[in-house]
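> Right, I'll just put the structure down here and ask away after.
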Amino acid sequence: MVCAHYFDGRSTRVREVNLSIAGADLVIAGEGIDLRVPFADVAVDERLGRAPRRLRLKDGTFCEVRDLDALDALLSSTAHRDGRVDRMQRHLQFVIFACVACVVLAGAAYKWGLPWAAALAAHRLPPAIDKTLSQQTLKLLDGAILLPSKIAADRQRTLSAEFRALRLPEGGTPDSDLLFRRSPRFGANAFTLPDGTIILLDDLITTLGDDRQCLAVLAHELGHVHGRDGLQMLLRSSAVGAFLTFYIGDISALLAAAPAAVLEAKYSQDLEQQADDYGAALLLHNGMSPALLAEALNKLAVAHSGPPSGYLSSHPSTDERMRHLRWLAAAAK
Amino acid sequence: MENISGSEMPSRAASARPPEQLSFSGRGAEYFGIWIVNLLLTIVTLGIYSAWAKVRRLKYFYRHTELAGSSFDFHGSPTRILIGRVIALVMLLAYNYSVRLQSRMTLVVLLALALVMPWLLRNSFRFRLYNTSWRGTRFHFRGSVGGSYRVFLLNGFLTLITLYVMAPFTHQRLKAYQHDNSWFGRTQCSFHARAGQFYLIYLLLLAALVGFFFVMGAAGVGHVLVMFAQMQKQGGHVDPNLVFRTLFIVYGVLILMSLLIGPVFHALVTNLIWSNTRVGEHRIVCNMSPLAMIWITVSNFVLVVLTLGLFIPWAAVRLAKFQLESVRLIPASDLQEFEAAEPEAIGAVGEEAATVFDFDISL
């Protein structure tokens, strides 16, 4: 016998009833109610914590039960079985397993799944997307952060010609635009826009002072072009942002944004490593040593006032990269 | 086996009925099991299960919420929610990419989204209410499409061109549109707060924000500008120290703001809205304490951060318990007398067809 409240679905009137099982039937008896329905026609709500459960009849009426233990005893004499997800939620072992599985899966997805998917998608998206994205970025940067270059025109022409003459490891020559700009804010630097446009800053050319080292830096940037890294970063950060919003968005949208920024900065390190490898391969292909890039990195590290901290830097530590490049140079001999 | 509360009294003559407080009996540890299984299945199914997870989550919270000895229930179908989520995702992508890739299409996409939004939001209100029930009687939302366009497009536009001077007025119009058109069975709800009362709370918010901006100072603003510059530089080389400092200052101030001012504003506005809403002749009183709200928000925040999110289920339960239990219903008559709307009428209004979209917007 289980006490329950019976509702007719037409009003909020509460009727106290008792539930019992007779053969294959559910018997509902109480204030002016005497019902007998085949238990097979009764839908039993899944268990959710200690919330009242409802036994729903086909005509829209139902019984609300709050004595869950008594209900369990009643159900045990019927064909009713708890759903699979219901059992998962209540078993301590499974809950612990779920915790571990979530961490492992999220970690694996972040480390391997996402880079793989982003690379796949980046190489499949139409180049028109990169083009518009880059033109707009350049429009925003020009005049605000990027100023016209002060490098002599013939020096620019020579560098451009040398850059154009590079032979790519996969065949052909670079078809990226090479732009010269000056930026007091970014100092000695070079970067690549999603469509492959490479922007070389004056301070980098003057700091390195050597065309072959400039070419080595450009080789690294061509690695970013080759991997369509700009687009990859965009895709990755969107995905990480979406997941974090889903995960903690319920509590605070702002809270979701902060770790996203940190993860993103950390994320680009593997892309830098890949660009270094591509740059080294390109240099070797053109009869130059990867040590040139290591040399350039060294000069840039010295030129930059504050040494980049390993944690938040978008680049892996310069020492590490130089060691790797010198090792590649030695291995090539 | 709890005792049945005062609403069970058979006598109809009793005029002074005791207030019925909402109660919430969910527990963090219990909800943790549901939450983590939801999370796992969502990850394994690449997000598809999230619709089922949402139904399970809402059912957990609705069914643990009790009024006068009976609990609420949620009836939404996961497949409908899934379809709604796919559509929402497509719209979100369309919005993001059209804003990023400015072209002639951008204006067309934005215009199309603006035109379709009020209709979608109205449908989401209908979905939410139609799928909520108490004692087997469902809620309904009967707001007109025209009313939705008036609130979201006309009032929204007025808010923008008056530089948010009209925002409190728009907020009042929105809540009036929502609550005046809500029904519990055959009983219509009504909304009685005036725009002036919203202005008062918004002025308080403004004063607090101005105070905070002084605290934030020029350094913070400078960092924001630099961060904007860096955001243009997709995948470029970023000065790590600058990023760190920017994050520290900007997020620090924003988080502090959302932790202190946000809860107070939320508590005041929620109290105003619900204390001025009636279900038929039954009145509602909501008195959420702003200080308690700050405490819950701050402690939830700290614990969620320290546990890398594992505290989320406890945080959600605490917040729900606090908010729900600050609401009381002052019955004007016997709570057993509500009548459900006729099922035919529901079909005629086309309630089911409208439930394709489910948007979660917290307005």
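Please note that chains go A, B, ... in the order of the structure tokens, that every chain numbers its residues from 1, and that ligands are numbered from 1 in the order shown.
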Would you tabulate, counting only C-alpha atoms, all residues of chain A that have an atom at most 6 Å from an atom of chain B, showing the closest pair of atoms and their distance in Å to one decimal, sorted by chain then ascending number, as a Markdown table?

```
| residue | atom | partner | partner_atom | distance |
| --- | --- | --- | --- | --- |
| A:Gly9 | CA | B:Gly136 | CA | 4.7 |
| A:Arg10 | CA | B:Ala340 | CA | 4.8 |
| A:Ser11 | CA | B:Glu339 | CA | 4.2 |
| A:Thr12 | CA | B:Gln336 | CA | 4.8 |
| A:Arg13 | CA | B:Gln336 | CA | 4.4 |
| A:Leu48 | CA | B:Tyr60 | CA | 5.8 |
| A:Gly49 | CA | B:Glu30 | CA | 5.7 |
| A:Ala51 | CA | B:His64 | CA | 5.1 |
| A:Asp67 | CA | B:Met1 | CA | 5.8 |
| A:Gln89 | CA | B:Gly33 | CA | 4.7 |
| A:Val95 | CA | B:Gly33 | CA | 5.8 |
| A:Cys102 | CA | B:Leu40 | CA | 5.5 |
| A:Thr132 | CA | B:Leu101 | CA | 6.0 |
| A:Leu133 | CA | B:Leu101 | CA | 5.8 |
| A:Thr137 | CA | B:Gln232 | CA | 5.7 |
| A:Phe191 | CA | B:Gly236 | CA | 5.5 |
| A:Gly230 | CA | B:Gly235 | CA | 5.4 |
| A:Leu312 | CA | B:Pro240 | CA | 5.4 |
| A:Ser313 | CA | B:Pro240 | CA | 4.9 |
```
> For His224 of chain A, work out the shell of residues within 9 Å, counting only C-alpha atoms and skipping chain neighbours fewer than 3 positions away, then give it as a PDB file with N, CA and C atoms, in the first residue's frame.

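Result went into selection-v6.pdb, see below:
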```pdb
ATOM      1  N   PHE A 191      54.328  38.754 -38.556  1.00  0.00           N
ATOM      2  CA  PHE A 191      53.183  37.864 -38.364  1.00  0.00           C
ATOM      3  C   PHE A 191      52.427  37.599 -39.654  1.00  0.00           C
ATOM      4  N   THR A 192      51.622  36.573 -39.581  1.00  0.00           N
ATOM      5  CA  THR A 192      50.929  36.093 -40.760  1.00  0.00           C
ATOM      6  C   THR A 192      49.428  36.227 -40.560  1.00  0.00           C
ATOM      7  N   LEU A 193      48.756  36.744 -41.557  1.00  0.00           N
ATOM      8  CA  LEU A 193      47.301  36.852 -41.502  1.00  0.00           C
ATOM      9  C   LEU A 193      46.708  35.540 -42.029  1.00  0.00           C
ATOM     10  N   PRO A 194      45.439  35.291 -41.723  1.00  0.00           N
ATOM     11  CA  PRO A 194      44.850  34.001 -42.117  1.00  0.00           C
ATOM     12  C   PRO A 194      44.968  33.667 -43.608  1.00  0.00           C
ATOM     13  N   GLY A 196      47.447  34.237 -45.499  1.00  0.00           N
ATOM     14  CA  GLY A 196      48.832  33.996 -45.880  1.00  0.00           C
ATOM     15  C   GLY A 196      49.643  35.263 -46.079  1.00  0.00           C
ATOM     16  N   HIS A 220      59.736  30.566 -41.332  1.00  0.00           N
ATOM     17  CA  HIS A 220      58.881  30.187 -40.203  1.00  0.00           C
ATOM     18  C   HIS A 220      57.441  30.669 -40.455  1.00  0.00           C
ATOM     19  N   GLU A 221      57.316  31.901 -40.926  1.00  0.00           N
ATOM     20  CA  GLU A 221      55.971  32.435 -41.190  1.00  0.00           C
ATOM     21  C   GLU A 221      55.287  31.648 -42.303  1.00  0.00           C
ATOM     22  N   GLY A 227      50.208  25.776 -42.895  1.00  0.00           N
ATOM     23  CA  GLY A 227      49.267  25.084 -42.010  1.00  0.00           C
ATOM     24  C   GLY A 227      47.918  25.777 -41.895  1.00  0.00           C
ATOM     25  N   ARG A 228      47.757  26.907 -42.576  1.00  0.00           N
ATOM     26  CA  ARG A 228      46.558  27.762 -42.418  1.00  0.00           C
ATOM     27  C   ARG A 228      46.282  27.971 -40.928  1.00  0.00           C
ATOM     28  N   ASP A 229      47.354  28.322 -40.216  1.00  0.00           N
ATOM     29  CA  ASP A 229      47.290  28.399 -38.757  1.00  0.00           C
ATOM     30  C   ASP A 229      46.356  29.483 -38.242  1.00  0.00           C
ATOM     31  N   GLY A 230      46.259  30.597 -39.005  1.00  0.00           N
ATOM     32  CA  GLY A 230      45.399  31.686 -38.551  1.00  0.00           C
ATOM     33  C   GLY A 230      43.967  31.196 -38.395  1.00  0.00           C
ATOM     34  N   LEU A 271      51.490  25.008 -32.700  1.00  0.00           N
ATOM     35  CA  LEU A 271      51.507  25.545 -34.060  1.00  0.00           C
ATOM     36  C   LEU A 271      52.852  26.215 -34.342  1.00  0.00           C
ATOM     37  N   GLU A 272      53.412  26.893 -33.326  1.00  0.00           N
ATOM     38  CA  GLU A 272      54.719  27.533 -33.482  1.00  0.00           C
ATOM     39  C   GLU A 272      55.791  26.479 -33.752  1.00  0.00           C
ATOM     40  N   GLN A 274      55.364  23.573 -35.079  1.00  0.00           N
ATOM     41  CA  GLN A 274      55.195  23.061 -36.439  1.00  0.00           C
ATOM     42  C   GLN A 274      55.735  24.042 -37.474  1.00  0.00           C
ATOM     43  N   ALA A 275      55.496  25.337 -37.223  1.00  0.00           N
ATOM     44  CA  ALA A 275      55.992  26.350 -38.162  1.00  0.00           C
ATOM     45  C   ALA A 275      57.519  26.358 -38.171  1.00  0.00           C
ATOM     46  N   TYR A 278      58.601  23.405 -40.247  1.00  0.00           N
ATOM     47  CA  TYR A 278      58.399  23.687 -41.670  1.00  0.00           C
ATOM     48  C   TYR A 278      59.472  24.654 -42.161  1.00  0.00           C
TER      49      TYR A 278
END
```
> Expressed in Å to a single decimal, how great is the separation between atom CA of Ala281 of chain A and atom CA of Phe163 of chain A?
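That distance, rounded to one decimal, is 15.3 Å.
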> Measuring atom to atom with only C-alpha atoms, identify which of A:Leu201, A:Leu114, A:Cys63, A:Ala108 is nearest to Pro148 of chain A.
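Answer, going by the shortest atom-to-atom distance: A:Leu201.
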> From a DSSP pass on the backbone, collect the residues of segment 38-192 of chain B flagged as alpha helix (DSSP H) and hand them back as a PyMOL selection string.
chain B and resi 38-44+50-63+78-100+104-130+145-149+156-161+167-180
> From a DSSP pass on the backbone, collect the residues of segment 74-198 of chain A flagged as strand (DSSP E) and hand them back as a PyMOL selection string.
chain A and resi 147-148+178-182+190-192+198
